[in-house]
$ cat structure-v1.json   # JSON, C-alpha atoms and all ligand atoms
[["chain", "number", "residue", "atom", "x", "y", "z"],
["A", 680, "MET", "CA", 83.20, 91.51, 88.05],
["A", 681, "ILE", "CA", 85.87, 88.94, 88.92],
["A", 682, "THR", "CA", 89.38, 89.51, 90.28],
["A", 683, "CYS", "CA", 92.03, 86.79, 89.97],
["A", 684, "SER", "CA", 95.64, 86.94, 91.09],
["A", 685, "ALA", "CA", 98.60, 84.85, 89.97],
["A", 686, "PRO", "CA", 102.08, 84.61, 91.53],
["A", 687, "GLY", "CA", 105.58, 85.30, 90.22],
["A", 688, "LYS", "CA", 108.41, 82.79, 90.55],
["A", 689, "ILE", "CA", 112.07, 82.34, 91.43],
["A", 690, "TYR", "CA", 114.49, 79.54, 90.55],
["A", 691, "LEU", "CA", 116.02, 77.75, 93.54],
["A", 692, "PHE", "CA", 118.29, 75.89, 91.11],
["A", 693, "GLY", "CA", 118.80, 75.11, 87.45],
["A", 694, "GLU", "CA", 118.13, 78.11, 85.18],
["A", 695, "HIS", "CA", 120.06, 77.88, 81.90],
["A", 696, "ALA", "CA", 120.85, 74.16, 82.53],
["A", 697, "VAL", "CA", 117.12, 73.44, 82.05],
["A", 698, "VAL", "CA", 117.47, 74.64, 78.43],
["A", 699, "TYR", "CA", 119.73, 71.58, 77.87],
["A", 700, "GLY", "CA", 117.32, 69.07, 79.41],
["A", 701, "GLU", "CA", 118.70, 69.25, 82.96],
["A", 702, "CYS", "CA", 116.43, 69.52, 86.02],
["A", 703, "ALA", "CA", 115.54, 72.79, 87.71],
["A", 704, "ILE", "CA", 113.47, 73.73, 90.76],
["A", 705, "ALA", "CA", 111.14, 76.71, 90.29],
["A", 706, "CYS", "CA", 109.03, 78.16, 93.11],
["A", 707, "ALA", "CA", 106.01, 80.44, 93.24],
["A", 708, "VAL", "CA", 106.58, 83.41, 95.56],
["A", 709, "GLU", "CA", 104.12, 85.68, 97.34],
["A", 710, "LEU", "CA", 104.31, 88.50, 94.81],
["A", 711, "ARG", "CA", 101.13, 88.69, 92.79],
["A", 712, "THR", "CA", 99.57, 90.30, 89.76],
["A", 713, "ARG", "CA", 95.84, 91.04, 90.18],
["A", 714, "VAL", "CA", 93.51, 91.26, 87.22],
["A", 715, "THR", "CA", 89.87, 92.34, 87.38],
["A", 716, "ALA", "CA", 87.70, 91.38, 84.39],
["A", 717, "THR", "CA", 84.31, 93.06, 84.02],
["A", 718, "SER", "CA", 81.78, 92.48, 81.27],
["A", 719, "SER", "CA", 81.55, 95.79, 79.38],
["A", 720, "ASP", "CA", 80.49, 97.44, 76.08],
["A", 721, "THR", "CA", 83.98, 97.45, 74.54],
["A", 722, "VAL", "CA", 87.46, 96.08, 75.23],
["A", 723, "THR", "CA", 89.57, 98.24, 77.57],
["A", 724, "ILE", "CA", 92.84, 97.34, 79.26],
["A", 725, "SER", "CA", 94.10, 99.51, 82.15],
["A", 726, "SER", "CA", 97.50, 99.17, 83.80],
["A", 727, "ASP", "CA", 100.42, 101.33, 84.95],
["A", 728, "LEU", "CA", 101.27, 101.58, 81.23],
["A", 729, "GLY", "CA", 98.00, 103.39, 80.48],
["A", 730, "THR", "CA", 94.51, 102.57, 79.21],
["A", 731, "THR", "CA", 94.18, 101.01, 75.76],
["A", 732, "GLY", "CA", 91.90, 98.81, 73.70],
["A", 733, "LEU", "CA", 93.36, 95.58, 72.30],
["A", 734, "ASP", "CA", 96.95, 96.74, 71.82],
["A", 735, "HIS", "CA", 99.72, 94.32, 70.91],
["A", 736, "GLU", "CA", 102.42, 96.92, 71.50],
["A", 737, "ILE", "CA", 101.51, 98.23, 74.95],
["A", 738, "HIS", "CA", 99.57, 95.23, 76.35],
["A", 739, "PRO", "CA", 100.66, 92.24, 74.22],
["A", 740, "TYR", "CA", 100.04, 89.46, 76.78],
["A", 741, "VAL", "CA", 96.66, 90.76, 77.92],
["A", 742, "SER", "CA", 95.50, 91.49, 74.35],
["A", 743, "LEU", "CA", 96.32, 87.93, 73.28],
["A", 744, "ALA", "CA", 94.68, 86.52, 76.41],
["A", 745, "ILE", "CA", 91.46, 88.43, 75.64],
["A", 746, "GLU", "CA", 91.53, 87.23, 72.02],
["A", 747, "LYS", "CA", 92.27, 83.64, 73.03],
["A", 748, "MET", "CA", 89.25, 83.59, 75.36],
["A", 749, "GLY", "CA", 87.09, 85.06, 72.57],
["A", 750, "ALA", "CA", 85.99, 87.91, 74.83],
["A", 751, "LYS", "CA", 84.72, 90.79, 72.68],
["A", 752, "LYS", "CA", 83.33, 92.97, 75.46],
["A", 753, "VAL", "CA", 85.50, 93.06, 78.53],
["A", 754, "SER", "CA", 87.22, 95.62, 80.67],
["A", 755, "VAL", "CA", 90.48, 94.40, 82.24],
["A", 756, "GLU", "CA", 92.27, 96.20, 85.09],
["A", 757, "ILE", "CA", 95.75, 95.17, 86.14],
["A", 758, "SER", "CA", 97.82, 95.88, 89.25],
["A", 759, "SER", "CA", 101.03, 94.09, 90.14],
["A", 760, "ASP", "CA", 103.64, 93.61, 92.89],
["A", 761, "ILE", "CA", 106.02, 91.92, 90.42],
["A", 762, "PRO", "CA", 108.78, 94.03, 88.84],
["A", 763, "VAL", "CA", 108.53, 93.79, 85.04],
["A", 764, "GLY", "CA", 111.17, 92.03, 82.93],
["A", 765, "SER", "CA", 113.43, 91.05, 85.83],
["A", 766, "GLY", "CA", 113.18, 87.27, 85.74],
["A", 767, "LEU", "CA", 110.32, 86.97, 88.24],
["A", 768, "GLY", "CA", 107.70, 85.80, 85.75],
["A", 769, "SER", "CA", 105.71, 89.03, 85.53],
["A", 770, "SER", "CA", 104.46, 88.29, 82.00],
["A", 771, "ALA", "CA", 103.30, 84.77, 82.95],
["A", 772, "ALA", "CA", 101.49, 86.12, 86.02],
["A", 773, "VAL", "CA", 99.56, 88.80, 84.08],
["A", 774, "THR", "CA", 98.70, 86.30, 81.34],
["A", 775, "ILE", "CA", 97.46, 83.60, 83.72],
["A", 776, "ALA", "CA", 95.53, 86.06, 85.93],
["A", 777, "THR", "CA", 93.84, 87.58, 82.84],
["A", 778, "LEU", "CA", 92.88, 84.19, 81.36],
["A", 779, "SER", "CA", 91.47, 83.05, 84.71],
["A", 780, "ALA", "CA", 89.52, 86.24, 85.43],
["A", 781, "ILE", "CA", 87.90, 86.17, 81.96],
["A", 782, "ASN", "CA", 87.27, 82.42, 82.32],
["A", 783, "LEU", "CA", 85.32, 83.00, 85.54],
["A", 784, "GLU", "CA", 83.61, 86.29, 84.53],
["A", 785, "PHE", "CA", 82.14, 84.70, 81.38],
["A", 786, "ARG", "CA", 81.75, 81.20, 82.91],
["A", 787, "LEU", "CA", 83.78, 79.60, 80.11],
["A", 788, "GLY", "CA", 84.60, 76.50, 82.16],
["A", 789, "HIS", "CA", 88.29, 76.08, 81.24],
["A", 790, "LYS", "CA", 90.29, 73.92, 83.65],
["A", 791, "ASN", "CA", 93.62, 75.17, 85.08],
["A", 792, "GLU", "CA", 95.55, 72.74, 82.83],
["A", 793, "GLU", "CA", 94.05, 74.54, 79.81],
["A", 794, "ILE", "CA", 94.74, 77.96, 81.33],
["A", 795, "ALA", "CA", 98.43, 76.98, 81.79],
["A", 796, "ARG", "CA", 98.62, 75.65, 78.21],
["A", 797, "MET", "CA", 97.01, 78.76, 76.72],
["A", 798, "GLY", "CA", 99.30, 80.95, 78.85],
["A", 799, "HIS", "CA", 102.35, 79.15, 77.49],
["A", 800, "GLU", "CA", 101.11, 79.58, 73.90],
["A", 801, "ILE", "CA", 100.67, 83.31, 74.51],
["A", 802, "GLU", "CA", 104.20, 83.66, 75.95],
["A", 803, "GLN", "CA", 105.60, 81.77, 72.95],
["A", 804, "LYS", "CA", 103.75, 84.02, 70.56],
["A", 805, "VAL", "CA", 104.88, 87.27, 72.21],
["A", 806, "GLN", "CA", 108.47, 86.19, 72.96],
["A", 807, "GLY", "CA", 109.17, 83.88, 70.02],
["A", 808, "ALA", "CA", 110.26, 81.14, 72.46],
["A", 809, "ALA", "CA", 109.33, 80.49, 76.08],
["A", 810, "SER", "CA", 109.64, 77.53, 78.42],
["A", 811, "PRO", "CA", 106.35, 76.40, 80.02],
["A", 812, "THR", "CA", 107.88, 76.85, 83.50],
["A", 813, "ASP", "CA", 106.65, 80.36, 84.34],
["A", 814, "THR", "CA", 103.06, 79.82, 83.21],
["A", 815, "PHE", "CA", 102.92, 76.39, 84.92],
["A", 816, "VAL", "CA", 104.23, 77.70, 88.26],
["A", 817, "SER", "CA", 102.01, 80.79, 88.07],
["A", 818, "THR", "CA", 98.93, 78.60, 87.46],
["A", 819, "PHE", "CA", 99.58, 75.88, 90.05],
["A", 820, "GLY", "CA", 101.88, 77.55, 92.63],
["A", 821, "GLY", "CA", 104.19, 75.65, 94.97],
["A", 822, "ILE", "CA", 107.72, 74.35, 94.53],
["A", 823, "VAL", "CA", 108.01, 72.41, 91.29],
["A", 824, "GLU", "CA", 110.66, 70.21, 89.75],
["A", 825, "ILE", "CA", 111.15, 70.88, 86.05],
["A", 826, "PRO", "CA", 110.74, 69.15, 83.60],
["A", 827, "SER", "CA", 108.78, 66.46, 85.55],
["A", 828, "ARG", "CA", 106.44, 69.10, 87.07],
["A", 829, "ARG", "CA", 106.53, 67.13, 90.30],
["A", 830, "ARG", "CA", 105.40, 69.22, 93.27],
["A", 831, "LEU", "CA", 107.82, 69.25, 96.20],
["A", 832, "ASN", "CA", 107.12, 69.97, 99.88],
["A", 833, "MET", "CA", 106.67, 73.60, 100.87],
["A", 834, "LEU", "CA", 109.48, 75.52, 102.52],
["A", 835, "GLU", "CA", 108.68, 77.92, 105.37],
["A", 836, "CYS", "CA", 111.81, 80.05, 105.46],
["A", 837, "GLY", "CA", 111.90, 83.60, 104.13],
["A", 838, "VAL", "CA", 112.79, 84.56, 100.59],
["A", 839, "VAL", "CA", 114.39, 87.94, 99.87],
["A", 840, "ILE", "CA", 114.59, 89.10, 96.28],
["A", 841, "GLY", "CA", 117.14, 91.74, 95.33],
["A", 842, "ASN", "CA", 116.53, 93.68, 92.14],
["A", 843, "THR", "CA", 119.57, 95.31, 90.51],
["A", 844, "ASN", "CA", 117.13, 97.51, 88.52],
["A", 845, "LYS", "CA", 119.46, 96.93, 85.60],
["A", 846, "GLY", "CA", 119.16, 95.12, 82.28],
["A", 847, "ALA", "CA", 115.36, 94.69, 82.25],
["A", 848, "THR", "CA", 114.74, 94.43, 78.51],
["A", 849, "PRO", "CA", 112.18, 92.19, 76.81],
["A", 850, "LYS", "CA", 114.89, 90.32, 74.83],
["A", 851, "LYS", "CA", 117.24, 89.79, 77.78],
["A", 852, "THR", "CA", 116.48, 86.09, 78.35],
["A", 853, "ALA", "CA", 116.88, 85.23, 74.65],
["A", 854, "LYS", "CA", 120.18, 87.13, 74.51],
["A", 855, "LEU", "CA", 121.62, 85.32, 77.54],
["A", 856, "VAL", "CA", 120.43, 81.89, 76.41],
["A", 857, "LYS", "CA", 122.18, 82.60, 73.10],
["A", 858, "HIS", "CA", 125.33, 83.67, 74.92],
["A", 859, "VAL", "CA", 125.49, 80.35, 76.84],
["A", 860, "ALA", "CA", 124.82, 78.42, 73.62],
["A", 861, "SER", "CA", 127.68, 80.13, 71.84],
["A", 862, "LEU", "CA", 130.10, 79.60, 74.75],
["A", 863, "ARG", "CA", 129.06, 75.94, 74.75],
["A", 864, "GLY", "CA", 129.62, 75.75, 70.99],
["A", 865, "GLU", "CA", 133.13, 77.12, 71.47],
["A", 866, "TYR", "CA", 134.11, 75.07, 74.55],
["A", 867, "PRO", "CA", 131.75, 72.08, 74.85],
["A", 868, "GLU", "CA", 134.23, 70.12, 77.00],
["A", 869, "VAL", "CA", 134.30, 72.99, 79.53],
["A", 870, "ILE", "CA", 130.66, 74.12, 79.48],
["A", 871, "ASP", "CA", 128.86, 70.74, 79.33],
["A", 872, "PRO", "CA", 130.17, 69.58, 82.73],
["A", 873, "ILE", "CA", 129.11, 72.93, 84.26],
["A", 874, "ILE", "CA", 125.61, 72.50, 82.85],
["A", 875, "ARG", "CA", 125.42, 68.92, 84.15],
["A", 876, "THR", "CA", 126.63, 70.00, 87.59],
["A", 877, "ILE", "CA", 123.94, 72.72, 87.72],
["A", 878, "GLY", "CA", 121.40, 70.01, 86.82],
["A", 879, "SER", "CA", 122.63, 67.83, 89.70],
["A", 880, "PHE", "CA", 121.72, 70.52, 92.28],
["A", 881, "SER", "CA", 118.02, 69.95, 91.66],
["A", 882, "LYS", "CA", 118.28, 66.20, 92.31],
["A", 883, "LYS", "CA", 120.12, 66.86, 95.59],
["A", 884, "GLY", "CA", 117.88, 69.86, 96.24],
["A", 885, "GLU", "CA", 114.74, 67.72, 96.09],
["A", 886, "ILE", "CA", 115.92, 65.65, 99.07],
["A", 887, "LEU", "CA", 117.02, 68.78, 100.94],
["A", 888, "VAL", "CA", 113.64, 70.45, 100.33],
["A", 889, "LYS", "CA", 111.94, 67.36, 101.78],
["A", 890, "LYS", "CA", 114.16, 67.59, 104.89],
["A", 891, "LYS", "CA", 113.75, 71.41, 105.04],
["A", 892, "ASP", "CA", 117.55, 71.52, 105.28],
["A", 893, "TYR", "CA", 117.94, 75.26, 104.63],
["A", 894, "VAL", "CA", 121.66, 75.29, 105.47],
["A", 895, "SER", "CA", 122.53, 72.72, 102.78],
["A", 896, "LEU", "CA", 120.11, 74.27, 100.26],
["A", 897, "GLY", "CA", 121.86, 77.60, 100.82],
["A", 898, "LYS", "CA", 125.30, 76.06, 100.25],
["A", 899, "LEU", "CA", 124.20, 74.58, 96.94],
["A", 900, "MET", "CA", 122.55, 77.87, 95.90],
["A", 901, "ASN", "CA", 125.91, 79.55, 96.48],
["A", 902, "VAL", "CA", 127.68, 77.00, 94.27],
["A", 903, "ASN", "CA", 124.93, 77.38, 91.65],
["A", 904, "HIS", "CA", 125.54, 81.15, 91.64],
["A", 905, "GLY", "CA", 129.26, 80.59, 91.04],
["A", 906, "LEU", "CA", 128.53, 78.36, 88.07],
["A", 907, "LEU", "CA", 126.04, 80.83, 86.58],
["A", 908, "ASP", "CA", 128.80, 83.41, 86.88],
["A", 909, "ALA", "CA", 131.12, 80.94, 85.12],
["A", 910, "LEU", "CA", 128.60, 80.71, 82.25],
["A", 911, "GLY", "CA", 128.89, 84.50, 81.87],
["A", 912, "VAL", "CA", 125.37, 85.48, 82.92],
["A", 913, "GLY", "CA", 126.41, 87.26, 86.15],
["A", 914, "THR", "CA", 127.03, 90.97, 86.59],
["A", 915, "ALA", "CA", 129.02, 92.94, 89.17],
["A", 916, "GLU", "CA", 125.73, 94.37, 90.53],
["A", 917, "LEU", "CA", 124.16, 90.91, 90.93],
["A", 918, "SER", "CA", 127.21, 89.58, 92.75],
["A", 919, "ALA", "CA", 127.32, 92.65, 95.02],
["A", 920, "LEU", "CA", 123.74, 91.88, 96.15],
["A", 921, "VAL", "CA", 124.48, 88.14, 96.47],
["A", 922, "TYR", "CA", 127.52, 88.77, 98.70],
["A", 923, "ALA", "CA", 125.69, 91.40, 100.75],
["A", 924, "ALA", "CA", 122.88, 88.89, 101.42],
["A", 925, "ARG", "CA", 125.32, 86.13, 102.41],
["A", 926, "ASN", "CA", 127.29, 88.48, 104.68],
["A", 927, "ALA", "CA", 124.02, 89.44, 106.39],
["A", 928, "GLY", "CA", 123.48, 85.77, 107.31],
["A", 929, "ALA", "CA", 121.43, 84.36, 104.43],
["A", 930, "TYR", "CA", 121.61, 80.55, 104.09],
["A", 931, "GLY", "CA", 122.48, 81.09, 100.43],
["A", 932, "ALA", "CA", 122.01, 83.54, 97.58],
["A", 933, "LYS", "CA", 122.14, 83.38, 93.81],
["A", 934, "ILE", "CA", 121.01, 84.90, 90.55],
["A", 935, "THR", "CA", 117.42, 83.96, 89.71],
["A", 936, "GLY", "CA", 116.35, 83.64, 86.08],
["A", 937, "ALA", "CA", 118.38, 84.55, 83.05],
["A", 938, "GLY", "CA", 120.84, 86.95, 84.76],
["A", 939, "GLY", "CA", 122.59, 89.82, 82.97],
["A", 940, "GLY", "CA", 121.01, 92.16, 85.53],
["A", 941, "GLY", "CA", 117.52, 91.55, 86.89],
["A", 942, "CYS", "CA", 117.19, 89.79, 90.23],
["A", 943, "MET", "CA", 118.96, 87.63, 92.77],
["A", 944, "VAL", "CA", 117.30, 85.59, 95.48],
["A", 945, "ALA", "CA", 118.34, 84.75, 99.04],
["A", 946, "LEU", "CA", 117.01, 82.10, 101.41],
["A", 947, "THR", "CA", 116.95, 83.35, 104.98],
["A", 948, "ASP", "CA", 115.34, 83.32, 108.41],
["A", 949, "SER", "CA", 116.38, 86.94, 109.01],
["A", 950, "PRO", "CA", 114.71, 88.67, 106.04],
["A", 951, "ARG", "CA", 114.89, 92.21, 107.44],
["A", 952, "GLU", "CA", 118.68, 92.07, 107.94],
["A", 953, "VAL", "CA", 119.19, 90.55, 104.50],
["A", 954, "ALA", "CA", 116.86, 93.08, 102.85],
["A", 955, "SER", "CA", 118.64, 96.02, 104.43],
["A", 956, "ALA", "CA", 122.06, 94.64, 103.36],
["A", 957, "ILE", "CA", 120.75, 94.35, 99.78],
["A", 958, "GLU", "CA", 119.47, 97.94, 99.89],
["A", 959, "ASN", "CA", 122.81, 99.17, 101.27],
["A", 960, "ALA", "CA", 124.57, 97.41, 98.39],
["A", 961, "GLY", "CA", 122.47, 99.40, 95.88],
["A", 962, "GLY", "CA", 119.62, 96.97, 95.16],
["A", 963, "ARG", "CA", 115.88, 97.08, 95.73],
["A", 964, "ALA", "CA", 114.89, 94.39, 98.23],
["A", 965, "ILE", "CA", 111.55, 92.60, 98.33],
["A", 966, "ILE", "CA", 110.77, 90.40, 101.33],
["A", 967, "SER", "CA", 108.63, 87.45, 100.30],
["A", 968, "HIS", "CA", 107.75, 83.80, 100.99],
["A", 969, "PHE", "CA", 107.20, 80.66, 98.99],
["A", 970, "ASP", "CA", 103.58, 80.46, 97.91],
["A", 971, "GLN", "CA", 101.75, 77.18, 97.58],
["A", 972, "ASN", "CA", 98.83, 78.84, 95.82],
["A", 973, "GLY", "CA", 98.81, 79.40, 92.11],
["A", 974, "VAL", "CA", 96.16, 81.46, 90.37],
["A", 975, "LYS", "CA", 93.16, 82.14, 92.60],
["A", 976, "GLN", "CA", 90.03, 84.23, 92.78],
["A", 977, "GLU", "CA", 90.43, 87.14, 95.19],
["B", 1001, "LIG", "O1", 114.71, 85.23, 83.47],
["B", 1001, "LIG", "P1", 113.60, 84.28, 83.20],
["B", 1001, "LIG", "O2", 112.58, 84.21, 84.30],
["B", 1001, "LIG", "O3", 113.02, 84.47, 81.83],
["B", 1001, "LIG", "O4", 114.23, 82.79, 83.25],
["B", 1001, "LIG", "C1", 115.02, 82.28, 82.23],
["B", 1001, "LIG", "C2", 115.38, 80.87, 82.56],
["B", 1001, "LIG", "C3", 116.28, 80.22, 81.49],
["B", 1001, "LIG", "O5", 116.60, 78.92, 81.98],
["B", 1001, "LIG", "C4", 117.57, 81.00, 81.32],
["B", 1001, "LIG", "C5", 115.59, 80.12, 80.14],
["B", 1001, "LIG", "C6", 114.39, 79.18, 80.12],
["B", 1001, "LIG", "O6", 113.54, 79.39, 79.24],
["B", 1001, "LIG", "O7", 114.31, 78.24, 80.91]]

$ encode --input "structure-v1.json" --output "structure tokens"
Amino acid sequence: MITCSAPGKIYLFGEHAVVYGECAIACAVELRTRVTATSSDTVTISSDLGTTGLDHEIHPYVSLAIEKMGAKKVSVEISSDIPVGSGLGSSAAVTIATLSAINLEFRLGHKNEEIARMGHEIEQKVQGAASPTDTFVSTFGGIVEIPSRRRLNMLECGVVIGNTNKGATPKKTAKLVKHVASLRGEYPEVIDPIIRTIGSFSKKGEILVKKKDYVSLGKLMNVNHGLLDALGVGTAELSALVYAARNAGAYGAKITGAGGGGCMVALTDSPREVASAIENAGGRAIISHFDQNGVKQE
């Protein structure tokens, strides 16, 4: 019996712009999905969604991960801290933790690079399209510049995630990416500079991460939020949580991920104050930290 856990992620900067080749900074956070794989007589998958065999409707990521590893007789048990479908990389985390637990339980000898690649293939198959960011960050952890995959220094300040508990649907990311593409098609001269400006935050952000300059990182996160709003991926609920976090003293706060509901993220040294402001504004707050560890055996 082997248990592996893999982290979720937030974007410090650059979601949506990264679709157009701009840079982004994605970070693993201390919210984990744990998967226990045990050699067994048949295939069973147990999670909050119920207990099934291979089931591409209820457990699509885990079923594909089991098939990909060629495991015919395995029992997989899942538990997770990561809210599902809210832009925090829950599907990547369950996929990577499952692949790793089966890899170790059956001594298959795959390296983490292969686990990340297989995880990305599984996300592509289930979702139709997926960037390799979530599976990469979940496998290797840390703060990562995309697309170079360069690892940046760790940040020690607190991270508070605010979940609007709205808009969590499996097709949300695809819908919002399409929305930005169509706005760009209509007004390229307006939207292209916004996308390039969002890309420029990551280049500046890299230097600020090195200096651990939380004040300046926060300022740029705030500007990034405004530009995501300008692209039409914000919601009133997301902005309410963002402003509540800033008013409670956060260095900065922004949407994380595709938007249209889902989560926002705040950088702060007073996580309890920020979390309670988010809760008072109607969100669900999760106090977390950056996590330099990717997938690991528990
Ligand atoms: O909400 P998430 O975690 O699926 O993030 C989407 C990030 C986008 O830049 C909008 C799309 C992508 O694939 O990079």

$ residues_near_ligand --input "structure-v1.json" --ligand "ligand LIG 1001 (chain B)" --cutoff "10 Å" --atoms "all atoms listed in the file" --output "JSON, numbers by chain"
{"A": [687, 688, 689, 690, 692, 693, 694, 695, 696, 697, 698, 699, 700, 701, 703, 705, 764, 765, 766, 767, 768, 769, 770, 771, 808, 809, 810, 811, 812, 813, 825, 847, 849, 850, 851, 852, 853, 854, 855, 856, 857, 859, 907, 912, 934, 935, 936, 937, 938, 939, 940, 941, 942]}

$ closest_residue --input "structure-v1.json" --among "A:Ile775, A:Leu910, A:Val839, A:Met833" --to "Asp892 of chain A" --atoms "all atoms listed in the file"
A:Met833

$ atom_distance --input "structure-v1.json" --atom1 "atom CA of Pro867 of chain A" --atom2 "atom CA of Glu824 of chain A"
25.9 Å

$ residues_around --input "structure-v1.json" --residues "Val714 of chain A" --least-positions-apart "4" --cutoff "9 Å" --atoms "only C-alpha atoms" --output "NGL selection string"
:A and (681-685 or 755-759 or 773 or 776-777 or 779-780)

$ closest_residue --input "structure-v1.json" --among "A:Leu862, A:Ile724, A:Met900, A:Val953" --to "Leu887 of chain A" --atoms "all atoms listed in the file"
A:Met900

$ closest_residue --input "structure-v1.json" --among "A:Leu691, A:Cys702, A:Leu834, A:Arg796" --to "Asn903 of chain A" --atoms "only C-alpha atoms"
A:Leu691

$ decode --input "structure-v1.json" --residues "segment 937-949 of chain A" --atoms "N, CA and C atoms" --output "mmCIF file, in the first residue's frame"
data_model
loop_
_atom_site.group_PDB
_atom_site.id
_atom_site.type_symbol
_atom_site.label_atom_id
_atom_site.label_comp_id
_atom_site.auth_asym_id
_atom_site.auth_seq_id
_atom_site.Cartn_x
_atom_site.Cartn_y
_atom_site.Cartn_z
ATOM 1 N N ALA A 937 -8.983 30.599 -14.671
ATOM 2 C CA ALA A 937 -9.776 31.083 -15.808
ATOM 3 C C ALA A 937 -10.755 32.188 -15.456
ATOM 4 N N GLY A 938 -11.201 32.291 -14.198
ATOM 5 C CA GLY A 938 -12.190 33.306 -13.813
ATOM 6 C C GLY A 938 -13.613 32.830 -14.071
ATOM 7 N N GLY A 939 -14.537 33.798 -14.215
ATOM 8 C CA GLY A 939 -15.948 33.439 -14.435
ATOM 9 C C GLY A 939 -16.562 32.768 -13.212
ATOM 10 N N GLY A 940 -16.089 33.128 -12.024
ATOM 11 C CA GLY A 940 -16.419 32.410 -10.791
ATOM 12 C C GLY A 940 -15.135 31.727 -10.335
ATOM 13 N N GLY A 941 -15.258 30.677 -9.564
ATOM 14 C CA GLY A 941 -14.040 29.998 -9.090
ATOM 15 C C GLY A 941 -13.350 30.824 -8.022
ATOM 16 N N CYS A 942 -12.027 30.910 -8.095
ATOM 17 C CA CYS A 942 -11.251 31.436 -6.968
ATOM 18 C C CYS A 942 -10.477 32.701 -7.266
ATOM 19 N N MET A 943 -10.202 33.440 -6.182
ATOM 20 C CA MET A 943 -9.236 34.529 -6.209
ATOM 21 C C MET A 943 -8.126 34.167 -5.231
ATOM 22 N N VAL A 944 -7.010 34.908 -5.341
ATOM 23 C CA VAL A 944 -5.896 34.621 -4.433
ATOM 24 C C VAL A 944 -5.341 35.933 -3.901
ATOM 25 N N ALA A 945 -4.953 35.939 -2.631
ATOM 26 C CA ALA A 945 -4.359 37.132 -2.026
ATOM 27 C C ALA A 945 -3.015 36.759 -1.416
ATOM 28 N N LEU A 946 -2.073 37.696 -1.529
ATOM 29 C CA LEU A 946 -0.750 37.536 -0.913
ATOM 30 C C LEU A 946 -0.770 38.367 0.367
ATOM 31 N N THR A 947 -0.388 37.783 1.480
ATOM 32 C CA THR A 947 -0.544 38.534 2.737
ATOM 33 C C THR A 947 0.332 37.983 3.861
ATOM 34 N N ASP A 948 0.673 38.870 4.801
ATOM 35 C CA ASP A 948 1.314 38.424 6.037
ATOM 36 C C ASP A 948 0.325 38.400 7.196
ATOM 37 N N SER A 949 -0.946 38.768 6.912
ATOM 38 C CA SER A 949 -1.967 38.650 7.971
ATOM 39 C C SER A 949 -3.111 37.781 7.461
#
